[in-house]
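Peer 1: mmCIF, C-alpha atoms and all ligand atoms, saved as work_21.cif, coming up:
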```
data_start
loop_
_atom_site.group_PDB
_atom_site.id
_atom_site.type_symbol
_atom_site.label_atom_id
_atom_site.label_comp_id
_atom_site.auth_asym_id
_atom_site.auth_seq_id
_atom_site.Cartn_x
_atom_site.Cartn_y
_atom_site.Cartn_z
ATOM 1 C CA MET A 1 -0.395 11.135 -8.507
ATOM 2 C CA THR A 2 -1.561 10.434 -4.969
ATOM 3 C CA GLU A 3 1.025 10.747 -2.187
ATOM 4 C CA ILE A 4 0.586 10.224 1.526
ATOM 5 C CA GLN A 5 3.362 11.552 3.733
ATOM 6 C CA LEU A 6 3.560 9.767 7.088
ATOM 7 C CA GLU A 7 5.956 10.201 9.993
ATOM 8 C CA ARG A 8 8.827 7.957 8.790
ATOM 9 C CA ILE A 9 7.618 6.774 5.400
ATOM 10 C CA LYS A 10 5.802 8.000 2.324
ATOM 11 C CA LEU A 11 3.187 6.194 0.225
ATOM 12 C CA ARG A 12 3.150 7.214 -3.416
ATOM 13 C CA GLN A 13 1.004 5.812 -6.197
ATOM 14 C CA ILE A 14 2.886 3.388 -8.457
ATOM 15 C CA THR A 15 4.235 4.379 -11.865
ATOM 16 C CA GLN A 16 5.531 2.202 -14.718
ATOM 17 C CA GLU A 17 9.063 2.813 -13.366
ATOM 18 C CA ASP A 18 8.267 0.680 -10.298
ATOM 19 C CA TRP A 19 8.163 -2.597 -12.233
ATOM 20 C CA ASP A 20 11.770 -3.659 -11.427
ATOM 21 C CA PHE A 21 11.300 -3.063 -7.713
ATOM 22 C CA LEU A 22 7.970 -4.896 -7.548
ATOM 23 C CA LEU A 23 9.307 -7.801 -9.620
ATOM 24 C CA MET A 24 12.217 -8.124 -7.183
ATOM 25 C CA LEU A 25 9.953 -7.829 -4.103
ATOM 26 C CA GLU A 26 7.310 -10.240 -5.350
ATOM 27 C CA SER A 27 9.810 -12.803 -6.629
ATOM 28 C CA ARG A 28 11.330 -13.298 -3.185
ATOM 29 C CA PRO A 29 10.330 -16.552 -1.455
ATOM 30 C CA GLU A 30 9.546 -14.777 1.842
ATOM 31 C CA SER A 31 7.071 -12.486 0.030
ATOM 32 C CA ASN A 32 5.149 -15.547 -1.163
ATOM 33 C CA GLU A 33 5.456 -17.920 1.757
ATOM 34 C CA PHE A 34 1.855 -17.218 2.777
ATOM 35 C CA GLN A 35 0.339 -16.453 -0.623
ATOM 36 C CA ASN A 36 -1.795 -18.765 -2.728
ATOM 37 C CA ILE A 37 0.785 -18.670 -5.504
ATOM 38 C CA ARG A 38 4.150 -19.667 -4.044
ATOM 39 C CA GLU A 39 6.343 -19.125 -7.090
ATOM 40 C CA PRO A 40 4.631 -16.571 -9.324
ATOM 41 C CA ASP A 41 6.184 -16.304 -12.763
ATOM 42 C CA GLU A 42 7.096 -12.988 -14.364
ATOM 43 C CA ASP A 43 4.108 -13.034 -16.747
ATOM 44 C CA TYR A 44 1.678 -13.395 -13.854
ATOM 45 C CA LEU A 45 3.379 -10.581 -11.908
ATOM 46 C CA ARG A 46 3.345 -8.335 -14.987
ATOM 47 C CA LEU A 47 -0.410 -8.899 -15.411
ATOM 48 C CA ARG A 48 -0.952 -8.056 -11.753
ATOM 49 C CA PHE A 49 1.213 -4.945 -12.140
ATOM 50 C CA GLU A 50 -0.695 -3.711 -15.221
ATOM 51 C CA TYR A 51 -4.034 -4.454 -13.559
ATOM 52 C CA PHE A 52 -3.640 -1.412 -11.292
ATOM 53 C CA PHE A 53 -2.971 0.936 -14.233
ATOM 54 C CA ASP A 54 -5.934 -0.458 -16.212
ATOM 55 C CA CYS A 55 -8.114 -0.125 -13.171
ATOM 56 C CA ALA A 56 -7.057 3.502 -12.569
ATOM 57 C CA GLU A 57 -7.827 4.295 -16.218
ATOM 58 C CA HIS A 58 -11.241 2.624 -16.302
ATOM 59 C CA PHE A 59 -12.377 3.520 -12.801
ATOM 60 C CA PRO A 60 -10.879 6.970 -12.176
ATOM 61 C CA GLU A 61 -13.124 7.347 -9.129
ATOM 62 C CA GLY A 62 -11.175 4.529 -7.532
ATOM 63 C CA GLY A 63 -11.618 0.837 -8.341
ATOM 64 C CA CYS A 64 -8.178 0.066 -6.977
ATOM 65 C CA ILE A 65 -4.974 1.831 -6.071
ATOM 66 C CA ARG A 66 -1.442 0.624 -5.340
ATOM 67 C CA PHE A 67 1.271 2.513 -3.515
ATOM 68 C CA ILE A 68 5.013 2.122 -3.207
ATOM 69 C CA VAL A 69 6.180 2.628 0.361
ATOM 70 C CA GLU A 70 9.326 4.752 0.472
ATOM 71 C CA LYS A 71 11.732 5.399 3.301
ATOM 72 C CA GLU A 72 14.212 8.203 2.717
ATOM 73 C CA GLY A 73 13.417 8.062 -0.998
ATOM 74 C CA GLU A 74 14.053 4.285 -1.311
ATOM 75 C CA PRO A 75 11.271 1.740 -1.960
ATOM 76 C CA ILE A 76 10.771 -0.712 0.923
ATOM 77 C CA GLY A 77 7.378 -2.242 0.165
ATOM 78 C CA ASP A 78 3.964 -1.837 -1.334
ATOM 79 C CA VAL A 79 0.373 -1.516 -0.148
ATOM 80 C CA SER A 80 -2.743 -1.785 -2.270
ATOM 81 C CA LEU A 81 -6.471 -1.274 -2.039
ATOM 82 C CA VAL A 82 -8.927 -3.067 -4.319
ATOM 83 C CA CYS A 83 -12.645 -2.308 -4.276
ATOM 84 C CA THR A 84 -14.293 -5.719 -3.917
ATOM 85 C CA TYR A 85 -17.924 -4.511 -3.636
ATOM 86 C CA SER A 86 -18.668 -0.993 -4.836
ATOM 87 C CA ASP A 87 -22.311 -0.956 -3.624
ATOM 88 C CA THR A 88 -21.268 -1.687 -0.066
ATOM 89 C CA ARG A 89 -17.995 0.294 -0.356
ATOM 90 C CA GLU A 90 -15.826 -2.641 0.676
ATOM 91 C CA TRP A 91 -12.094 -2.576 -0.091
ATOM 92 C CA GLU A 92 -9.454 -5.270 0.290
ATOM 93 C CA LEU A 93 -6.079 -4.302 1.638
ATOM 94 C CA GLY A 94 -2.841 -6.003 0.531
ATOM 95 C CA PHE A 95 0.772 -5.351 1.510
ATOM 96 C CA SER A 96 4.309 -6.664 1.261
ATOM 97 C CA PHE A 97 7.630 -5.331 2.555
ATOM 98 C CA LEU A 98 11.286 -6.177 1.938
ATOM 99 C CA ARG A 99 12.383 -8.557 4.677
ATOM 100 C CA GLU A 100 15.308 -6.325 5.700
ATOM 101 C CA HIS A 101 12.744 -3.704 6.765
ATOM 102 C CA TRP A 102 10.489 -5.996 8.808
ATOM 103 C CA GLY A 103 10.288 -5.494 12.549
ATOM 104 C CA ASN A 104 10.374 -1.681 12.571
ATOM 105 C CA GLY A 105 6.673 -0.889 12.464
ATOM 106 C CA TYR A 106 6.810 0.448 8.887
ATOM 107 C CA ALA A 107 3.962 -1.826 7.759
ATOM 108 C CA ALA A 108 1.958 -0.710 10.792
ATOM 109 C CA GLU A 109 2.563 2.938 9.884
ATOM 110 C CA ALA A 110 1.588 2.286 6.252
ATOM 111 C CA VAL A 111 -1.645 0.566 7.316
ATOM 112 C CA GLU A 112 -2.523 3.528 9.558
ATOM 113 C CA GLY A 113 -2.007 5.867 6.580
ATOM 114 C CA ILE A 114 -3.989 3.706 4.184
ATOM 115 C CA LYS A 115 -6.858 3.343 6.681
ATOM 116 C CA GLU A 116 -7.183 7.114 6.889
ATOM 117 C CA TYR A 117 -7.001 7.433 3.085
ATOM 118 C CA ALA A 118 -9.566 4.655 2.515
ATOM 119 C CA PHE A 119 -12.122 6.002 4.984
ATOM 120 C CA ARG A 120 -11.700 9.732 4.346
ATOM 121 C CA THR A 121 -10.826 9.973 0.638
ATOM 122 C CA LEU A 122 -12.351 6.818 -0.845
ATOM 123 C CA ASN A 123 -15.333 6.851 1.504
ATOM 124 C CA ALA A 124 -14.815 3.159 2.260
ATOM 125 C CA HIS A 125 -17.300 1.496 4.585
ATOM 126 C CA ARG A 126 -15.334 -1.733 5.215
ATOM 127 C CA LEU A 127 -11.661 -2.609 4.903
ATOM 128 C CA VAL A 128 -10.858 -6.301 4.640
ATOM 129 C CA MET A 129 -7.674 -8.362 4.898
ATOM 130 C CA ASN A 130 -7.656 -12.029 3.838
ATOM 131 C CA ILE A 131 -4.769 -13.681 5.655
ATOM 132 C CA LEU A 132 -3.543 -17.268 5.845
ATOM 133 C CA TYR A 133 -3.761 -18.447 9.445
ATOM 134 C CA ASP A 134 -0.048 -19.349 9.440
ATOM 135 C CA ASN A 135 0.928 -15.777 8.525
ATOM 136 C CA LYS A 136 1.444 -14.687 12.116
ATOM 137 C CA LYS A 137 3.177 -11.404 11.235
ATOM 138 C CA ALA A 138 0.299 -10.274 9.029
ATOM 139 C CA ILE A 139 -2.249 -11.319 11.675
ATOM 140 C CA ALA A 140 -0.338 -9.354 14.332
ATOM 141 C CA LEU A 141 -0.345 -6.360 11.989
ATOM 142 C CA ALA A 142 -4.114 -6.611 11.400
ATOM 143 C CA GLU A 143 -4.865 -6.938 15.105
ATOM 144 C CA ARG A 144 -2.523 -4.065 16.052
ATOM 145 C CA ALA A 145 -4.285 -1.908 13.450
ATOM 146 C CA GLY A 146 -7.645 -2.575 15.135
ATOM 147 C CA PHE A 147 -9.070 -5.076 12.622
ATOM 148 C CA THR A 148 -11.509 -7.668 13.986
ATOM 149 C CA LYS A 149 -11.304 -11.335 13.085
ATOM 150 C CA GLU A 150 -14.578 -12.153 11.351
ATOM 151 C CA ALA A 151 -13.969 -15.577 9.851
ATOM 152 C CA HIS A 152 -11.754 -18.621 10.006
ATOM 153 C CA PHE A 153 -11.998 -21.013 7.077
ATOM 154 C CA ARG A 154 -10.578 -24.447 7.784
ATOM 155 C CA LYS A 155 -8.261 -25.972 5.178
ATOM 156 C CA SER A 156 -9.675 -23.750 2.454
ATOM 157 C CA SER A 157 -6.424 -22.941 0.701
ATOM 158 C CA LEU A 158 -4.280 -25.504 -1.130
ATOM 159 C CA ILE A 159 -0.639 -24.546 -1.545
ATOM 160 C CA ASP A 160 2.060 -26.989 -2.635
ATOM 161 C CA GLU A 161 -0.409 -29.822 -2.069
ATOM 162 C CA LYS A 162 -0.833 -28.809 1.564
ATOM 163 C CA TRP A 163 -4.055 -27.462 3.060
ATOM 164 C CA HIS A 164 -4.009 -24.167 4.951
ATOM 165 C CA ASP A 165 -6.607 -22.330 7.026
ATOM 166 C CA GLU A 166 -7.565 -18.790 6.003
ATOM 167 C CA THR A 167 -8.808 -15.913 8.133
ATOM 168 C CA VAL A 168 -10.706 -12.732 7.353
ATOM 169 C CA TYR A 169 -10.042 -9.517 9.276
ATOM 170 C CA ALA A 170 -12.133 -6.385 8.799
ATOM 171 C CA LEU A 171 -12.410 -2.820 10.019
ATOM 172 C CA LEU A 172 -15.490 -0.595 9.746
ATOM 173 C CA SER A 173 -15.394 3.136 9.083
HETATM 174 C C1 LIG B 201 3.210 -8.912 6.821
HETATM 175 C C2 LIG B 201 4.445 -7.995 6.942
HETATM 176 C C3 LIG B 201 4.211 -6.726 6.140
HETATM 177 C C4 LIG B 201 4.634 -7.670 8.425
HETATM 178 O O1 LIG B 201 5.837 -6.935 8.563
HETATM 179 P P1 LIG B 201 6.327 -6.436 10.014
HETATM 180 O O2 LIG B 201 7.551 -5.644 9.832
HETATM 181 O O3 LIG B 201 6.331 -7.610 10.942
HETATM 182 O O4 LIG B 201 5.110 -5.491 10.476
HETATM 183 P P2 LIG B 201 5.132 -4.174 11.328
HETATM 184 O O5 LIG B 201 5.534 -3.013 10.526
HETATM 185 O O6 LIG B 201 3.773 -4.100 11.953
HETATM 186 O O7 LIG B 201 6.254 -4.387 12.413
HETATM 187 C C5 LIG B 201 5.930 -5.055 13.595
HETATM 188 C C6 LIG B 201 7.183 -5.326 14.398
HETATM 189 O O8 LIG B 201 7.958 -4.113 14.502
HETATM 190 C C7 LIG B 201 8.160 -3.796 15.904
HETATM 191 N N1 LIG B 201 8.267 -2.332 15.971
HETATM 192 C C8 LIG B 201 9.449 -1.658 16.127
HETATM 193 N N2 LIG B 201 9.229 -0.354 16.106
HETATM 194 C C9 LIG B 201 7.896 -0.162 15.944
HETATM 195 C C10 LIG B 201 7.077 0.989 15.848
HETATM 196 N N3 LIG B 201 7.590 2.213 15.899
HETATM 197 N N4 LIG B 201 5.730 0.817 15.660
HETATM 198 C C11 LIG B 201 5.180 -0.407 15.594
HETATM 199 N N5 LIG B 201 5.932 -1.554 15.686
HETATM 200 C C12 LIG B 201 7.276 -1.419 15.853
HETATM 201 C C13 LIG B 201 6.980 -4.438 16.576
HETATM 202 O O9 LIG B 201 7.235 -4.659 17.947
HETATM 203 C C14 LIG B 201 6.873 -5.746 15.818
HETATM 204 O O10 LIG B 201 7.907 -6.615 16.206
HETATM 205 P P3 LIG B 201 7.688 -8.231 16.294
HETATM 206 O O11 LIG B 201 7.524 -8.731 14.865
HETATM 207 O O12 LIG B 201 8.943 -8.713 16.925
HETATM 208 O O13 LIG B 201 6.451 -8.440 17.099
HETATM 209 C C15 LIG B 201 5.715 -8.730 6.416
HETATM 210 O O14 LIG B 201 5.904 -9.883 7.173
HETATM 211 C C16 LIG B 201 5.655 -9.085 4.934
HETATM 212 O O15 LIG B 201 5.892 -8.251 4.061
HETATM 213 N N6 LIG B 201 5.343 -10.396 4.625
HETATM 214 C C17 LIG B 201 5.314 -10.885 3.259
HETATM 215 C C18 LIG B 201 4.044 -10.480 2.507
HETATM 216 C C19 LIG B 201 2.761 -10.895 3.229
HETATM 217 O O16 LIG B 201 2.685 -11.945 3.846
HETATM 218 N N7 LIG B 201 1.751 -10.014 3.119
HETATM 219 C C20 LIG B 201 0.445 -10.231 3.733
HETATM 220 C C21 LIG B 201 -0.445 -11.002 2.854
HETATM 221 S S1 LIG B 201 -2.046 -11.212 3.616
#
```
Can the structure in the file be given as structure tokens, please?
Ligand SMILES: CC(C)(COP(=O)(O)OP(=O)(O)OC[C@H]1O[C@@H](n2cnc3c(N)ncnc32)[C@H](O)[C@@H]1OP(=O)(O)O)[C@@H](O)C(=O)NCCC(=O)NCCS

Peer 2:
Amino acid sequence: MTEIQLERIKLRQITQEDWDFLLMLESRPESNEFQNIREPDEDYLRLRFEYFFDCAEHFPEGGCIRFIVEKEGEPIGDVSLVCTYSDTREWELGFSFLREHWGNGYAAEAVEGIKEYAFRTLNAHRLVMNILYDNKKAIALAERAGFTKEAHFRKSSLIDEKWHDETVYALLS
């Protein structure tokens, strides 16, 4: 199991035991405010959860990987990497943290750790974040982590019958 020890937090690869935590995290409205699916049901979340285990089994060299972020042994969030184009070694980064832990730089620390892991261990060439334009906290995180804004799609996402702009941020190795 992959583990990345950082200064204040640890990233450890998910296990089946993490289902209850991730269900709780991903069922919270604030976790989904800026996601394409606002109220994901349990079946959808379970499929998404199992996807990372299937992927690890079928692509042991690394088609995707998901980590629980722990602080003092307690889960506070998750970060994931999904290989979107293997030929060009492009990976998409996703993340979500419990609201009570926002505003402390933990997500920033996790992104620094995952950047290092993606470039050094996975030999990634490009890391990409797809972020809704209204998700100011995620955009601030991407910019603080050195990602460059590469695209702005106008009214390309439809959530609750309302159009939203989407942005693409990327970082090269
Ligand atoms: C996106 C998300 C992870 C950002 O969380 P966050 O806590 O704001 O992010 P950071 O860890 O970078 O923390 C930054 C804040 O901590 C502060 N901070 C305190 N100590 C810090 C430290 N040691 N290092 C860095 N920042 C620190 C920063 O000043 C900043 O404060 P501000 O929000 O008042 O500007 C969070 O909002 C979230 O989980 N959202 C729901 C899921 C989601 O939208 N995911 C993205 C989908 S694309």

Peer 1: If I take atom CA of Arg154 of chain A and atom CA of Arg99 of chain A, how far is one from the other in Å, to one decimal?

Peer 2: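 For atom CA of Arg154 of chain A relative to atom CA of Arg99 of chain A, the distance reads 28.1 Å.
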
Peer 1: Could you make a table, as JSON lines, of the residues of chain A that have an atom within 7 Å of an atom of ligand LIG 201 (chain B), each with its nearest atom pair and distance in Å to one decimal, counting only C-alpha atoms and all ligand atoms, in chain and number order?

Peer 2:
```
{"residue": "A:Glu30", "atom": "CA", "partner": "B:LIG201", "partner_atom": "C17", "distance": 5.9}
{"residue": "A:Ser31", "atom": "CA", "partner": "B:LIG201", "partner_atom": "C17", "distance": 4.0}
{"residue": "A:Asn32", "atom": "CA", "partner": "B:LIG201", "partner_atom": "C18", "distance": 6.4}
{"residue": "A:Glu33", "atom": "CA", "partner": "B:LIG201", "partner_atom": "O16", "distance": 6.9}
{"residue": "A:Phe34", "atom": "CA", "partner": "B:LIG201", "partner_atom": "O16", "distance": 5.4}
{"residue": "A:Gln35", "atom": "CA", "partner": "B:LIG201", "partner_atom": "C21", "distance": 6.5}
{"residue": "A:Gly94", "atom": "CA", "partner": "B:LIG201", "partner_atom": "C21", "distance": 6.0}
{"residue": "A:Phe95", "atom": "CA", "partner": "B:LIG201", "partner_atom": "N7", "distance": 5.0}
{"residue": "A:Ser96", "atom": "CA", "partner": "B:LIG201", "partner_atom": "O15", "distance": 3.6}
{"residue": "A:Phe97", "atom": "CA", "partner": "B:LIG201", "partner_atom": "O15", "distance": 3.7}
{"residue": "A:Leu98", "atom": "CA", "partner": "B:LIG201", "partner_atom": "O15", "distance": 6.2}
{"residue": "A:Arg99", "atom": "CA", "partner": "B:LIG201", "partner_atom": "O15", "distance": 6.5}
{"residue": "A:His101", "atom": "CA", "partner": "B:LIG201", "partner_atom": "O2", "distance": 6.3}
{"residue": "A:Trp102", "atom": "CA", "partner": "B:LIG201", "partner_atom": "O2", "distance": 3.1}
{"residue": "A:Gly103", "atom": "CA", "partner": "B:LIG201", "partner_atom": "O8", "distance": 3.3}
{"residue": "A:Asn104", "atom": "CA", "partner": "B:LIG201", "partner_atom": "C8", "distance": 3.7}
{"residue": "A:Gly105", "atom": "CA", "partner": "B:LIG201", "partner_atom": "O5", "distance": 3.1}
{"residue": "A:Tyr106", "atom": "CA", "partner": "B:LIG201", "partner_atom": "O5", "distance": 4.0}
{"residue": "A:Ala107", "atom": "CA", "partner": "B:LIG201", "partner_atom": "O5", "distance": 3.4}
{"residue": "A:Ala108", "atom": "CA", "partner": "B:LIG201", "partner_atom": "O6", "distance": 4.0}
{"residue": "A:Glu109", "atom": "CA", "partner": "B:LIG201", "partner_atom": "O5", "distance": 6.7}
{"residue": "A:Met129", "atom": "CA", "partner": "B:LIG201", "partner_atom": "S1", "distance": 6.4}
{"residue": "A:Asn130", "atom": "CA", "partner": "B:LIG201", "partner_atom": "S1", "distance": 5.7}
{"residue": "A:Ile131", "atom": "CA", "partner": "B:LIG201", "partner_atom": "S1", "distance": 4.2}
{"residue": "A:Leu132", "atom": "CA", "partner": "B:LIG201", "partner_atom": "S1", "distance": 6.6}
{"residue": "A:Asn135", "atom": "CA", "partner": "B:LIG201", "partner_atom": "O16", "distance": 6.3}
{"residue": "A:Lys137", "atom": "CA", "partner": "B:LIG201", "partner_atom": "C4", "distance": 4.9}
{"residue": "A:Ala138", "atom": "CA", "partner": "B:LIG201", "partner_atom": "C1", "distance": 3.9}
{"residue": "A:Leu141", "atom": "CA", "partner": "B:LIG201", "partner_atom": "O6", "distance": 4.7}
```

Peer 1: Could you jot down the atom CA of Lys10 of chain A to atom CA of Gly77 of chain A separation for me, Å, one decimal place?

Peer 2: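 Here the two named atoms are 10.6 Å from each other.
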
Peer 1: Which of these, A:Arg38, A:Lys136, A:Lys155, A:Arg126, has the shortest distance to Thr84 of chain A once you count all atoms listed in the file?

Peer 2: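 That would be A:Arg126, the residue with the smallest distance to Thr84 of chain A.
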
Peer 1: Please evaluate the PyMOL selection byres (((chain A and resi 153) around 7) and not hetatm) against the structure above and give the resulting residues as number ranges by chain.

Peer 2: A: 151-152, 154-156, 165-167

Peer 1: If you count all atoms listed in the file, which residues fall within 6 Å of segment 66-74 of chain A, apart from same-chain ones fewer than 6 positions away, as a list in words?

Peer 2: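 Residues meeting the cut-off are Ile9, Lys10, Leu11, Arg12, Gln13, Ile14 and Ser80 of chain A.
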
Peer 1: From the set A:Glu90, A:Glu3, A:Asp134, A:Asp160, which residue has the shortest atom-to-atom contact distance to Asn36 of chain A, counting all atoms listed in the file?

Peer 2: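 Closest residue, counting all atoms listed in the file: A:Asp160.
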
Peer 1: Go through A:Leu172, A:Leu22, A:Leu6, A:Leu81 one by one, measure the shortest atom-to-atom distance of each to Gly113 of chain A using only C-alpha atoms, and give the residue with the smallest value.

Peer 2: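 Looking only at the distances to Gly113 of chain A, the closest residue turns out to be A:Leu6.
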
Peer 1: Using the chain letters and numbers from this file, what does the PyMOL selection byres (((chain A and resi 86) around 12) and not hetatm) select? Give the answer as a PyMOL selection string.

Peer 2: chain A and resi 59+61-64+82-85+87-92+122-126

Peer 1: Keeping only C-alpha atoms, write the selected residues to a file as a PDB file, in the frame of the given file.

Peer 2:
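Result file follows (part_6.pdb):
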```
ATOM      1  CA  PHE A  59     -12.377   3.520 -12.801  1.00  0.00           C
ATOM      2  CA  GLU A  61     -13.124   7.347  -9.129  1.00  0.00           C
ATOM      3  CA  GLY A  62     -11.175   4.529  -7.532  1.00  0.00           C
ATOM      4  CA  GLY A  63     -11.618   0.837  -8.341  1.00  0.00           C
ATOM      5  CA  CYS A  64      -8.178   0.066  -6.977  1.00  0.00           C
ATOM      6  CA  VAL A  82      -8.927  -3.067  -4.319  1.00  0.00           C
ATOM      7  CA  CYS A  83     -12.645  -2.308  -4.276  1.00  0.00           C
ATOM      8  CA  THR A  84     -14.293  -5.719  -3.917  1.00  0.00           C
ATOM      9  CA  TYR A  85     -17.924  -4.511  -3.636  1.00  0.00           C
ATOM     10  CA  ASP A  87     -22.311  -0.956  -3.624  1.00  0.00           C
ATOM     11  CA  THR A  88     -21.268  -1.687  -0.066  1.00  0.00           C
ATOM     12  CA  ARG A  89     -17.995   0.294  -0.356  1.00  0.00           C
ATOM     13  CA  GLU A  90     -15.826  -2.641   0.676  1.00  0.00           C
ATOM     14  CA  TRP A  91     -12.094  -2.576  -0.091  1.00  0.00           C
ATOM     15  CA  GLU A  92      -9.454  -5.270   0.290  1.00  0.00           C
ATOM     16  CA  LEU A 122     -12.351   6.818  -0.845  1.00  0.00           C
ATOM     17  CA  ASN A 123     -15.333   6.851   1.504  1.00  0.00           C
ATOM     18  CA  ALA A 124     -14.815   3.159   2.260  1.00  0.00           C
ATOM     19  CA  HIS A 125     -17.300   1.496   4.585  1.00  0.00           C
ATOM     20  CA  ARG A 126     -15.334  -1.733   5.215  1.00  0.00           C
TER      21      ARG A 126
END
```
